[in-house]
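S.K.: Below is the file protein-v5.cif, with mmCIF, C-alpha atoms and all ligand atoms; chains and numbers go by the auth columns.
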data_upload
#
loop_
_atom_site.group_PDB
_atom_site.id
_atom_site.type_symbol
_atom_site.label_atom_id
_atom_site.label_comp_id
_atom_site.label_asym_id
_atom_site.label_seq_id
_atom_site.Cartn_x
_atom_site.Cartn_y
_atom_site.Cartn_z
_atom_site.B_iso_or_equiv
_atom_site.auth_seq_id
_atom_site.auth_asym_id
ATOM 1 C CA MET A 1 170.177 131.279 266.979 0.00 1 A
ATOM 2 C CA ALA A 2 167.776 131.852 264.069 0.00 2 A
ATOM 3 C CA SER A 3 164.131 130.833 263.755 0.00 3 A
ATOM 4 C CA VAL A 4 161.866 130.238 260.796 0.00 4 A
ATOM 5 C CA ALA A 5 158.195 130.140 261.896 0.00 5 A
ATOM 6 C CA ILE A 6 155.719 128.420 259.579 0.00 6 A
ATOM 7 C CA ASP A 7 152.074 128.726 260.585 0.00 7 A
ATOM 8 C CA GLY A 8 148.898 127.771 258.797 0.00 8 A
ATOM 9 C CA PRO A 9 145.790 125.591 258.860 0.00 9 A
ATOM 10 C CA ALA A 10 145.632 121.794 258.973 0.00 10 A
ATOM 11 C CA GLY A 11 146.602 120.087 255.739 0.00 11 A
ATOM 12 C CA ALA A 12 148.380 123.046 254.109 0.00 12 A
ATOM 13 C CA GLY A 13 151.540 120.933 253.786 0.00 13 A
ATOM 14 C CA LYS A 14 153.417 122.644 256.614 0.00 14 A
ATOM 15 C CA SER A 15 155.233 119.582 257.917 0.00 15 A
ATOM 16 C CA THR A 16 156.412 118.321 254.511 0.00 16 A
ATOM 17 C CA ILE A 17 157.563 121.787 253.533 0.00 17 A
ATOM 18 C CA ALA A 18 159.079 122.685 256.918 0.00 18 A
ATOM 19 C CA LYS A 19 161.080 119.435 256.975 0.00 19 A
ATOM 20 C CA ARG A 20 162.497 120.219 253.539 0.00 20 A
ATOM 21 C CA VAL A 21 163.342 123.798 254.448 0.00 21 A
ATOM 22 C CA ALA A 22 165.044 122.643 257.674 0.00 22 A
ATOM 23 C CA LYS A 23 167.130 120.170 255.712 0.00 23 A
ATOM 24 C CA GLU A 24 168.215 122.788 253.181 0.00 24 A
ATOM 25 C CA LEU A 25 169.239 125.186 255.960 0.00 25 A
ATOM 26 C CA ASP A 26 170.654 122.499 258.267 0.00 26 A
ATOM 27 C CA TYR A 27 168.279 123.637 261.008 0.00 27 A
ATOM 28 C CA ILE A 28 166.265 121.467 263.389 0.00 28 A
ATOM 29 C CA TYR A 29 162.615 120.868 262.419 0.00 29 A
ATOM 30 C CA VAL A 30 160.171 121.252 265.309 0.00 30 A
ATOM 31 C CA ASP A 31 156.652 119.911 264.703 0.00 31 A
ATOM 32 C CA THR A 32 154.636 121.620 267.470 0.00 32 A
ATOM 33 C CA GLY A 33 151.373 119.952 266.409 0.00 33 A
ATOM 34 C CA ALA A 34 152.892 116.659 267.608 0.00 34 A
ATOM 35 C CA LEU A 35 153.283 118.167 271.097 0.00 35 A
ATOM 36 C CA TYR A 36 149.575 119.087 271.227 0.00 36 A
ATOM 37 C CA ARG A 37 148.763 115.653 269.872 0.00 37 A
ATOM 38 C CA ALA A 38 150.851 114.000 272.628 0.00 38 A
ATOM 39 C CA ILE A 39 148.851 115.830 275.282 0.00 39 A
ATOM 40 C CA ALA A 40 145.600 114.944 273.468 0.00 40 A
ATOM 41 C CA TYR A 41 146.685 111.306 273.360 0.00 41 A
ATOM 42 C CA ALA A 42 147.207 111.332 277.139 0.00 42 A
ATOM 43 C CA LEU A 43 143.897 113.109 277.770 0.00 43 A
ATOM 44 C CA LEU A 44 142.034 110.532 275.660 0.00 44 A
ATOM 45 C CA LYS A 45 143.818 107.636 277.316 0.00 45 A
ATOM 46 C CA GLU A 46 143.103 108.932 280.800 0.00 46 A
ATOM 47 C CA ARG A 47 139.561 109.937 279.813 0.00 47 A
ATOM 48 C CA VAL A 48 140.002 113.458 281.131 0.00 48 A
ATOM 49 C CA ASP A 49 136.973 115.726 280.710 0.00 49 A
ATOM 50 C CA ILE A 50 138.635 118.768 279.126 0.00 50 A
ATOM 51 C CA GLU A 51 135.683 120.967 280.084 0.00 51 A
ATOM 52 C CA ASP A 52 136.496 120.291 283.761 0.00 52 A
ATOM 53 C CA GLU A 53 139.207 122.893 284.348 0.00 53 A
ATOM 54 C CA GLY A 54 140.448 121.423 287.639 0.00 54 A
ATOM 55 C CA ALA A 55 140.822 117.968 286.114 0.00 55 A
ATOM 56 C CA LEU A 56 142.585 119.399 283.053 0.00 56 A
ATOM 57 C CA ILE A 57 145.033 121.427 285.154 0.00 57 A
ATOM 58 C CA ALA A 58 145.794 118.375 287.317 0.00 58 A
ATOM 59 C CA ALA A 59 146.313 116.171 284.246 0.00 59 A
ATOM 60 C CA CYS A 60 148.634 118.714 282.589 0.00 60 A
ATOM 61 C CA ARG A 61 150.690 119.091 285.784 0.00 61 A
ATOM 62 C CA GLN A 62 151.273 115.347 285.893 0.00 62 A
ATOM 63 C CA MET A 63 152.563 115.136 282.326 0.00 63 A
ATOM 64 C CA THR A 64 156.036 115.690 281.033 0.00 64 A
ATOM 65 C CA VAL A 65 156.430 116.207 277.306 0.00 65 A
ATOM 66 C CA GLU A 66 159.901 116.132 275.773 0.00 66 A
ATOM 67 C CA ILE A 67 161.327 116.358 272.287 0.00 67 A
ATOM 68 C CA ARG A 68 164.262 114.192 271.262 0.00 68 A
ATOM 69 C CA TYR A 69 165.901 113.656 267.893 0.00 69 A
ATOM 70 C CA GLU A 70 166.654 110.127 266.762 0.00 70 A
ATOM 71 C CA ASP A 71 168.485 109.845 263.429 0.00 71 A
ATOM 72 C CA GLY A 72 167.559 113.470 262.879 0.00 72 A
ATOM 73 C CA VAL A 73 163.824 112.753 263.238 0.00 73 A
ATOM 74 C CA GLN A 74 161.727 114.355 265.981 0.00 74 A
ATOM 75 C CA GLN A 75 160.359 111.982 268.601 0.00 75 A
ATOM 76 C CA VAL A 76 157.893 113.063 271.270 0.00 76 A
ATOM 77 C CA TYR A 77 158.182 111.508 274.696 0.00 77 A
ATOM 78 C CA LEU A 78 155.282 111.564 277.114 0.00 78 A
ATOM 79 C CA ASN A 79 156.238 110.711 280.692 0.00 79 A
ATOM 80 C CA GLY A 80 159.381 109.034 279.378 0.00 80 A
ATOM 81 C CA GLU A 81 157.608 106.945 276.717 0.00 81 A
ATOM 82 C CA ASN A 82 158.018 107.550 272.986 0.00 82 A
ATOM 83 C CA VAL A 83 154.422 108.166 271.833 0.00 83 A
ATOM 84 C CA THR A 84 155.305 109.390 268.314 0.00 84 A
ATOM 85 C CA PRO A 85 153.755 106.347 266.545 0.00 85 A
ATOM 86 C CA TYR A 86 150.354 106.976 268.178 0.00 86 A
ATOM 87 C CA LEU A 87 149.806 110.632 267.289 0.00 87 A
ATOM 88 C CA ARG A 88 148.670 110.838 263.670 0.00 88 A
ATOM 89 C CA ASP A 89 145.129 109.393 263.730 0.00 89 A
ATOM 90 C CA GLU A 90 142.003 111.538 263.279 0.00 90 A
ATOM 91 C CA GLU A 91 140.730 110.987 266.826 0.00 91 A
ATOM 92 C CA THR A 92 143.941 112.326 268.338 0.00 92 A
ATOM 93 C CA GLY A 93 143.998 115.200 265.826 0.00 93 A
ATOM 94 C CA ASN A 94 140.446 116.218 266.654 0.00 94 A
ATOM 95 C CA MET A 95 141.125 116.018 270.390 0.00 95 A
ATOM 96 C CA ALA A 96 144.305 118.072 269.867 0.00 96 A
ATOM 97 C CA SER A 97 142.279 120.735 268.081 0.00 97 A
ATOM 98 C CA LYS A 98 139.837 120.880 271.019 0.00 98 A
ATOM 99 C CA SER A 99 142.275 120.587 273.927 0.00 99 A
ATOM 100 C CA SER A 100 144.786 123.009 272.391 0.00 100 A
ATOM 101 C CA ALA A 101 142.190 125.767 272.866 0.00 101 A
ATOM 102 C CA LYS A 102 142.571 125.379 276.635 0.00 102 A
ATOM 103 C CA ALA A 103 145.001 127.547 278.609 0.00 103 A
ATOM 104 C CA PRO A 104 146.497 124.767 280.800 0.00 104 A
ATOM 105 C CA VAL A 105 147.452 122.828 277.653 0.00 105 A
ATOM 106 C CA ARG A 106 149.012 125.830 275.896 0.00 106 A
ATOM 107 C CA ASP A 107 150.848 126.894 279.071 0.00 107 A
ATOM 108 C CA ALA A 108 152.285 123.402 279.460 0.00 108 A
ATOM 109 C CA LEU A 109 154.000 123.621 276.046 0.00 109 A
ATOM 110 C CA LEU A 110 155.122 127.229 275.742 0.00 110 A
ATOM 111 C CA ASP A 111 158.504 126.998 277.500 0.00 111 A
ATOM 112 C CA LEU A 112 159.400 123.758 275.751 0.00 112 A
ATOM 113 C CA GLN A 113 158.899 125.408 272.346 0.00 113 A
ATOM 114 C CA ARG A 114 160.760 128.597 273.306 0.00 114 A
ATOM 115 C CA ASN A 115 163.665 126.646 274.780 0.00 115 A
ATOM 116 C CA MET A 116 164.053 124.670 271.557 0.00 116 A
ATOM 117 C CA ALA A 117 164.433 127.953 269.666 0.00 117 A
ATOM 118 C CA LYS A 118 166.908 129.302 272.232 0.00 118 A
ATOM 119 C CA GLN A 119 169.118 126.262 271.924 0.00 119 A
ATOM 120 C CA HIS A 120 168.968 125.538 268.185 0.00 120 A
ATOM 121 C CA ASP A 121 168.445 127.102 264.798 0.00 121 A
ATOM 122 C CA VAL A 122 164.878 125.963 264.111 0.00 122 A
ATOM 123 C CA VAL A 123 162.198 125.683 261.506 0.00 123 A
ATOM 124 C CA MET A 124 159.114 125.428 263.712 0.00 124 A
ATOM 125 C CA ASP A 125 155.639 124.777 262.356 0.00 125 A
ATOM 126 C CA GLY A 126 152.302 125.236 264.096 0.00 126 A
ATOM 127 C CA ARG A 127 149.463 127.713 264.451 0.00 127 A
ATOM 128 C CA ASP A 128 150.790 130.471 266.720 0.00 128 A
ATOM 129 C CA ILE A 129 154.559 130.317 266.285 0.00 129 A
ATOM 130 C CA GLY A 130 154.973 133.679 264.543 0.00 130 A
ATOM 131 C CA THR A 131 152.266 135.406 266.562 0.00 131 A
ATOM 132 C CA ASN A 132 152.842 134.035 270.058 0.00 132 A
ATOM 133 C CA VAL A 133 155.594 131.473 270.640 0.00 133 A
ATOM 134 C CA LEU A 134 158.386 133.223 268.710 0.00 134 A
ATOM 135 C CA PRO A 135 157.164 136.753 267.981 0.00 135 A
ATOM 136 C CA ASP A 136 160.778 137.756 267.183 0.00 136 A
ATOM 137 C CA ALA A 137 161.379 134.950 264.670 0.00 137 A
ATOM 138 C CA GLU A 138 163.605 136.227 261.867 0.00 138 A
ATOM 139 C CA VAL A 139 161.421 134.627 259.190 0.00 139 A
ATOM 140 C CA LYS A 140 157.654 134.150 259.371 0.00 140 A
ATOM 141 C CA ILE A 141 155.597 132.305 256.806 0.00 141 A
ATOM 142 C CA TYR A 142 151.824 131.820 256.712 0.00 142 A
ATOM 143 C CA LEU A 143 151.233 128.782 254.536 0.00 143 A
ATOM 144 C CA THR A 144 147.703 128.042 253.442 0.00 144 A
ATOM 145 C CA ALA A 145 145.652 126.405 250.677 0.00 145 A
ATOM 146 C CA SER A 146 141.928 126.248 249.928 0.00 146 A
ATOM 147 C CA PRO A 147 139.894 123.767 252.038 0.00 147 A
ATOM 148 C CA LYS A 148 139.033 121.878 248.833 0.00 148 A
ATOM 149 C CA GLU A 149 142.665 121.433 247.866 0.00 149 A
ATOM 150 C CA ARG A 150 143.677 120.454 251.412 0.00 150 A
ATOM 151 C CA ALA A 151 140.858 117.886 251.514 0.00 151 A
ATOM 152 C CA ASN A 152 141.973 116.512 248.139 0.00 152 A
ATOM 153 C CA ARG A 153 145.541 116.070 249.344 0.00 153 A
ATOM 154 C CA ARG A 154 144.434 114.324 252.522 0.00 154 A
ATOM 155 C CA TYR A 155 142.075 112.079 250.527 0.00 155 A
ATOM 156 C CA LYS A 156 144.887 111.007 248.187 0.00 156 A
ATOM 157 C CA GLU A 157 147.173 110.344 251.163 0.00 157 A
ATOM 158 C CA LEU A 158 144.603 108.034 252.795 0.00 158 A
ATOM 159 C CA ILE A 159 143.796 106.204 249.558 0.00 159 A
ATOM 160 C CA ALA A 160 147.525 105.687 248.913 0.00 160 A
ATOM 161 C CA LYS A 161 147.751 104.082 252.371 0.00 161 A
ATOM 162 C CA GLY A 162 144.920 101.728 251.401 0.00 162 A
ATOM 163 C CA GLU A 163 142.454 103.336 253.819 0.00 163 A
ATOM 164 C CA VAL A 164 138.802 104.118 253.178 0.00 164 A
ATOM 165 C CA ALA A 165 138.162 107.834 252.726 0.00 165 A
ATOM 166 C CA ASP A 166 135.196 110.108 252.112 0.00 166 A
ATOM 167 C CA LEU A 167 136.205 113.345 250.397 0.00 167 A
ATOM 168 C CA ASP A 168 133.160 115.371 251.522 0.00 168 A
ATOM 169 C CA LYS A 169 133.617 114.311 255.139 0.00 169 A
ATOM 170 C CA ILE A 170 137.317 115.174 255.032 0.00 170 A
ATOM 171 C CA GLU A 171 136.517 118.643 253.670 0.00 171 A
ATOM 172 C CA ALA A 172 133.816 119.183 256.327 0.00 172 A
ATOM 173 C CA ASP A 173 136.295 118.139 259.053 0.00 173 A
ATOM 174 C CA ILE A 174 138.931 120.518 257.694 0.00 174 A
ATOM 175 C CA ILE A 175 136.470 123.426 257.684 0.00 175 A
ATOM 176 C CA GLU A 176 135.381 122.591 261.240 0.00 176 A
ATOM 177 C CA ARG A 177 138.997 122.346 262.431 0.00 177 A
ATOM 178 C CA ASP A 178 139.830 125.719 260.780 0.00 178 A
ATOM 179 C CA GLU A 179 136.848 127.292 262.544 0.00 179 A
ATOM 180 C CA ARG A 180 138.019 126.033 265.908 0.00 180 A
ATOM 181 C CA ASP A 181 141.709 126.855 265.435 0.00 181 A
ATOM 182 C CA MET A 182 140.976 130.366 264.102 0.00 182 A
ATOM 183 C CA ASN A 183 138.271 131.375 266.543 0.00 183 A
ATOM 184 C CA ARG A 184 139.573 130.194 269.884 0.00 184 A
ATOM 185 C CA ALA A 185 140.195 132.883 272.500 0.00 185 A
ATOM 186 C CA ILE A 186 143.841 132.007 273.224 0.00 186 A
ATOM 187 C CA ALA A 187 146.530 132.127 270.546 0.00 187 A
ATOM 188 C CA PRO A 188 144.187 131.578 267.577 0.00 188 A
ATOM 189 C CA LEU A 189 145.536 130.679 264.160 0.00 189 A
ATOM 190 C CA LYS A 190 146.124 133.867 262.224 0.00 190 A
ATOM 191 C CA GLN A 191 148.695 135.389 259.934 0.00 191 A
ATOM 192 C CA ALA A 192 151.274 137.467 261.823 0.00 192 A
ATOM 193 C CA GLU A 193 151.471 141.014 260.487 0.00 193 A
ATOM 194 C CA ASP A 194 155.056 140.489 259.396 0.00 194 A
ATOM 195 C CA ALA A 195 154.519 137.008 257.896 0.00 195 A
ATOM 196 C CA ALA A 196 154.847 136.272 254.180 0.00 196 A
ATOM 197 C CA LEU A 197 151.623 134.719 252.873 0.00 197 A
ATOM 198 C CA ILE A 198 151.979 131.682 250.627 0.00 198 A
ATOM 199 C CA ASP A 199 148.864 130.072 249.155 0.00 199 A
ATOM 200 C CA SER A 200 149.974 126.644 247.949 0.00 200 A
ATOM 201 C CA SER A 201 146.646 125.654 246.314 0.00 201 A
ATOM 202 C CA ASP A 202 148.214 125.711 242.851 0.00 202 A
ATOM 203 C CA MET A 203 151.832 125.168 243.804 0.00 203 A
ATOM 204 C CA GLY A 204 153.999 122.059 243.996 0.00 204 A
ATOM 205 C CA ILE A 205 156.174 121.207 247.003 0.00 205 A
ATOM 206 C CA GLU A 206 159.412 122.301 245.302 0.00 206 A
ATOM 207 C CA GLU A 207 157.949 125.640 244.368 0.00 207 A
ATOM 208 C CA VAL A 208 156.793 126.344 247.929 0.00 208 A
ATOM 209 C CA VAL A 209 160.169 125.291 249.385 0.00 209 A
ATOM 210 C CA GLU A 210 161.958 127.603 246.932 0.00 210 A
ATOM 211 C CA ARG A 211 159.634 130.496 247.773 0.00 211 A
ATOM 212 C CA ILE A 212 160.323 130.073 251.503 0.00 212 A
ATOM 213 C CA LEU A 213 164.072 129.781 250.939 0.00 213 A
ATOM 214 C CA SER A 214 163.975 133.008 248.961 0.00 214 A
ATOM 215 C CA VAL A 215 162.296 134.743 251.934 0.00 215 A
ATOM 216 C CA VAL A 216 164.957 133.228 254.221 0.00 216 A
ATOM 217 C CA ARG A 217 167.763 134.514 251.958 0.00 217 A
ATOM 218 C CA GLU A 218 166.220 137.952 251.927 0.00 218 A
ATOM 219 C CA LYS A 219 165.879 138.151 255.722 0.00 219 A
ATOM 220 C CA LEU A 220 168.748 136.092 257.063 0.00 220 A
ATOM 221 C CA LEU A 221 171.653 135.818 254.675 0.00 221 A
HETATM 222 O O1 LIG B . 149.365 120.474 262.935 0.00 1 B
HETATM 223 P P1 LIG B . 148.580 119.364 263.599 0.00 1 B
HETATM 224 O O2 LIG B . 147.386 118.917 262.802 0.00 1 B
HETATM 225 O O3 LIG B . 149.444 118.224 264.034 0.00 1 B
HETATM 226 O O4 LIG B . 147.995 120.034 264.954 0.00 1 B
HETATM 227 C C1 LIG B . 147.035 119.389 265.749 0.00 1 B
HETATM 228 C C2 LIG B . 146.255 120.436 266.536 0.00 1 B
HETATM 229 O O5 LIG B . 147.107 121.054 267.493 0.00 1 B
HETATM 230 C C3 LIG B . 145.666 121.574 265.715 0.00 1 B
HETATM 231 O O6 LIG B . 144.319 121.326 265.338 0.00 1 B
HETATM 232 C C4 LIG B . 145.755 122.773 266.609 0.00 1 B
HETATM 233 C C5 LIG B . 146.799 122.431 267.614 0.00 1 B
HETATM 234 N N1 LIG B . 148.018 123.209 267.479 0.00 1 B
HETATM 235 C C6 LIG B . 148.041 124.436 268.110 0.00 1 B
HETATM 236 O O7 LIG B . 147.054 124.843 268.687 0.00 1 B
HETATM 237 N N2 LIG B . 149.168 125.191 268.085 0.00 1 B
HETATM 238 C C7 LIG B . 150.260 124.768 267.430 0.00 1 B
HETATM 239 N N3 LIG B . 151.359 125.524 267.434 0.00 1 B
HETATM 240 C C8 LIG B . 150.243 123.522 266.756 0.00 1 B
HETATM 241 C C9 LIG B . 149.097 122.756 266.785 0.00 1 B
#
With the file now loaded, output its structure as structure tokens.

M.R.:
Amino acid sequence: MASVAIDGPAGAGKSTIAKRVAKELDYIYVDTGALYRAIAYALLKERVDIEDEGALIAACRQMTVEIRYEDGVQQVYLNGENVTPYLRDEETGNMASKSSAKAPVRDALLDLQRNMAKQHDVVMDGRDIGTNVLPDAEVKIYLTASPKERANRRYKELIAKGEVADLDKIEADIIERDERDMNRAIAPLKQAEDAALIDSSDMGIEEVVERILSVVREKLL
């Protein structure tokens, strides 16, 4: 089985790009952020105090998170229920950023991610895939873009959906999320030594996909 690991900060376009790359290669796309979001969703719903280690460990032990594919699209099941539609809002994202810094949460998801890569050819995106989850991945990409550009993209996305958006607040949130994801003690977001760095600030989607496929060709084919 072969693995393509795509890591990088929030809003760098990882999921759009990773989905496209997976399609081109006929690999399975694994969105690991959705797994952290599923746990965050449960923690919010059950009002678990994530600073209370005993409570967090107990909550994580009670949860089962599974990945299934329906019409080729990843669905995340939490305790047997498909929670995929509830994972994308800002509250869940912010909780995921906080709770994913905690060891019980990361431990709960490690085997699931590794098993996916054992069983399938995968394009897996996240924060610590190349550094921690799949250190032997054949291809590693670190995909980033400036906070300003990432905020701009997110702003346009929200406006297109008809939602109200404040560009400065979005940029401040992105910077805060980067800080947290990059400076946590366990499995922080960082570029693996053997990862190819792609800064997509001035690149279109097609260009980034092509660049990644050229790295894949070089390493795998
Ligand atoms: O990619 P995303 O925005 O869906 O991820 C939500 C949060 O989950 C992110 O702020 C950090 C965490 N995360 C992580 O710690 N490790 C991963 N492999 C993926 C996501």

S.K.: Given the point (148.4, 114.4, 270.4) in the file's coordinates, find the residues that have an atom at most 12 Å from it, counting only C-alpha atoms, and give them as a PyMOL selection string.

M.R.: chain A and resi 31-45+65+76-78+83-100+105

S.K.: Within 10 Å of (162.1, 135.4, 259.0) in the file's own coordinates, which protein, DNA or RNA residues have an atom, counting all atoms listed in the file? List them as a ChimeraX atom specification.

M.R.: /A:2-6,130,136-141,194-196,212,215-220

S.K.: Residues near region 197-202 of chain A, anyone? I mean within 9 Å using only C-alpha atoms, not counting same-chain ones fewer than 3 positions away, as a ChimeraX atom specification.

M.R.: /A:12-13,140-146,148-150,191,205,207-208,211-212

S.K.: Identify which of the residues A:Arg68, A:Ile170, A:Leu189, A:Met116 lies closest to ligand LIG 1 (chain B), counting all atoms listed in the file when measuring atom-to-atom distances.

M.R.: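 With all atoms listed in the file as the atom set, the closest residue is A:Leu189.
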
S.K.: Choose the residue, out of A:Ile175, A:Glu46, A:Asn183, A:Val133, that has the smallest atom-to-atom separation from Leu110 (chain A); count all atoms listed in the file.

M.R.: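 Looking at the shortest contact to Leu110 (chain A), the residue is A:Val133.
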
S.K.: Using all atoms of ligand LIG 1 (chain B) listed in the file and a margin of 8 Å per side, can you give the axis-aligned box centre and edge lengths in Å to one decimal, as JSON?

M.R.:
{"center_x": 147.8, "center_y": 121.9, "center_z": 265.7, "size_x": 23.0, "size_y": 23.3, "size_z": 21.9}

S.K.: For a quick check of understanding, using all atoms listed in the file, which of A:Lys169, A:Arg184, A:His120, A:Arg127 has the smallest distance to ligand LIG 1 (chain B)?

M.R.: A:Arg127

S.K.: Which one is closest to Glu53 (chain A): A:Lys102, A:Arg153, A:Lys190, A:Arg180? Count all atoms listed in the file.

M.R.: A:Lys102

S.K.: Pull out every residue that the PyMOL selection byres (((chain A and resi 104) around 12) and not hetatm) matches in the shown coordinates and put them as a short mmCIF file (atom, residue, chain, number, x, y, z; two decimals) with C-alpha atoms, in the coordinates of the input.

M.R.:
data_model
loop_
_atom_site.label_atom_id
_atom_site.label_comp_id
_atom_site.auth_asym_id
_atom_site.auth_seq_id
_atom_site.Cartn_x
_atom_site.Cartn_y
_atom_site.Cartn_z
CA TYR A 36 149.57 119.09 271.23
CA ILE A 39 148.85 115.83 275.28
CA ILE A 50 138.64 118.77 279.13
CA GLU A 51 135.68 120.97 280.08
CA ASP A 52 136.50 120.29 283.76
CA GLU A 53 139.21 122.89 284.35
CA GLY A 54 140.45 121.42 287.64
CA ALA A 55 140.82 117.97 286.11
CA LEU A 56 142.58 119.40 283.05
CA ILE A 57 145.03 121.43 285.15
CA ALA A 58 145.79 118.38 287.32
CA ALA A 59 146.31 116.17 284.25
CA CYS A 60 148.63 118.71 282.59
CA ARG A 61 150.69 119.09 285.78
CA GLN A 62 151.27 115.35 285.89
CA MET A 63 152.56 115.14 282.33
CA SER A 99 142.28 120.59 273.93
CA SER A 100 144.79 123.01 272.39
CA ALA A 101 142.19 125.77 272.87
CA LYS A 102 142.57 125.38 276.64
CA ALA A 103 145.00 127.55 278.61
CA VAL A 105 147.45 122.83 277.65
CA ARG A 106 149.01 125.83 275.90
CA ASP A 107 150.85 126.89 279.07
CA ALA A 108 152.28 123.40 279.46
CA LEU A 109 154.00 123.62 276.05
CA LEU A 110 155.12 127.23 275.74
CA ILE A 186 143.84 132.01 273.22
#

S.K.: So, counting all atoms listed in the file, which residue among A:Ile129, A:Leu158, A:Ile174, A:Leu25 is closest to ligand LIG 1 (chain B)?

M.R.: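 Among the listed residues, A:Ile129 lies closest to ligand LIG 1 (chain B).
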
S.K.: Given all atoms listed in the file as the basis, pick out the residue of A:Glu206, A:Asp173, A:Glu70, A:Glu193 nearest to Gly11 (chain A).

M.R.: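 The shortest atom-to-atom distance to Gly11 (chain A) comes from A:Asp173.
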
S.K.: Can you put N, CA, C and O atoms back into region 155-167 of chain A and show it as an mmCIF file, keeping the file's coordinate frame?

M.R.:
data_model
loop_
_atom_site.group_PDB
_atom_site.id
_atom_site.type_symbol
_atom_site.label_atom_id
_atom_site.label_comp_id
_atom_site.auth_asym_id
_atom_site.auth_seq_id
_atom_site.Cartn_x
_atom_site.Cartn_y
_atom_site.Cartn_z
ATOM 1 N N TYR A 155 142.789 113.213 251.122
ATOM 2 C CA TYR A 155 142.075 112.079 250.527
ATOM 3 C C TYR A 155 143.068 111.173 249.793
ATOM 4 O O TYR A 155 143.086 109.954 249.998
ATOM 5 N N LYS A 156 143.911 111.787 248.968
ATOM 6 C CA LYS A 156 144.887 111.007 248.187
ATOM 7 C C LYS A 156 145.862 110.269 249.105
ATOM 8 O O LYS A 156 146.223 109.129 248.840
ATOM 9 N N GLU A 157 146.258 110.950 250.186
ATOM 10 C CA GLU A 157 147.173 110.344 251.163
ATOM 11 C C GLU A 157 146.559 109.068 251.755
ATOM 12 O O GLU A 157 147.208 108.031 251.844
ATOM 13 N N LEU A 158 145.282 109.176 252.154
ATOM 14 C CA LEU A 158 144.603 108.034 252.795
ATOM 15 C C LEU A 158 144.422 106.889 251.806
ATOM 16 O O LEU A 158 144.657 105.727 252.141
ATOM 17 N N ILE A 159 144.001 107.231 250.584
ATOM 18 C CA ILE A 159 143.796 106.204 249.558
ATOM 19 C C ILE A 159 145.122 105.488 249.272
ATOM 20 O O ILE A 159 145.176 104.261 249.156
ATOM 21 N N ALA A 160 146.198 106.278 249.186
ATOM 22 C CA ALA A 160 147.525 105.687 248.913
ATOM 23 C C ALA A 160 147.922 104.715 250.022
ATOM 24 O O ALA A 160 148.643 103.745 249.783
ATOM 25 N N LYS A 161 147.430 104.986 251.252
ATOM 26 C CA LYS A 161 147.751 104.082 252.371
ATOM 27 C C LYS A 161 146.810 102.883 252.412
ATOM 28 O O LYS A 161 146.861 102.067 253.329
ATOM 29 N N GLY A 162 145.863 102.848 251.451
ATOM 30 C CA GLY A 162 144.920 101.728 251.401
ATOM 31 C C GLY A 162 143.748 101.895 252.361
ATOM 32 O O GLY A 162 143.026 100.943 252.639
ATOM 33 N N GLU A 163 143.562 103.126 252.875
ATOM 34 C CA GLU A 163 142.454 103.336 253.819
ATOM 35 C C GLU A 163 141.197 103.801 253.082
ATOM 36 O O GLU A 163 141.264 104.259 251.947
ATOM 37 N N VAL A 164 140.059 103.658 253.761
ATOM 38 C CA VAL A 164 138.802 104.118 253.178
ATOM 39 C C VAL A 164 138.686 105.610 253.474
ATOM 40 O O VAL A 164 138.999 106.056 254.574
ATOM 41 N N ALA A 165 138.242 106.388 252.487
ATOM 42 C CA ALA A 165 138.162 107.834 252.726
ATOM 43 C C ALA A 165 136.953 108.431 252.022
ATOM 44 O O ALA A 165 136.546 107.967 250.957
ATOM 45 N N ASP A 166 136.365 109.433 252.660
ATOM 46 C CA ASP A 166 135.196 110.108 252.112
ATOM 47 C C ASP A 166 135.564 111.584 251.952
ATOM 48 O O ASP A 166 135.750 112.301 252.939
ATOM 49 N N LEU A 167 135.693 111.998 250.688
ATOM 50 C CA LEU A 167 136.205 113.345 250.397
ATOM 51 C C LEU A 167 135.366 114.451 251.040
ATOM 52 O O LEU A 167 135.914 115.391 251.627
#
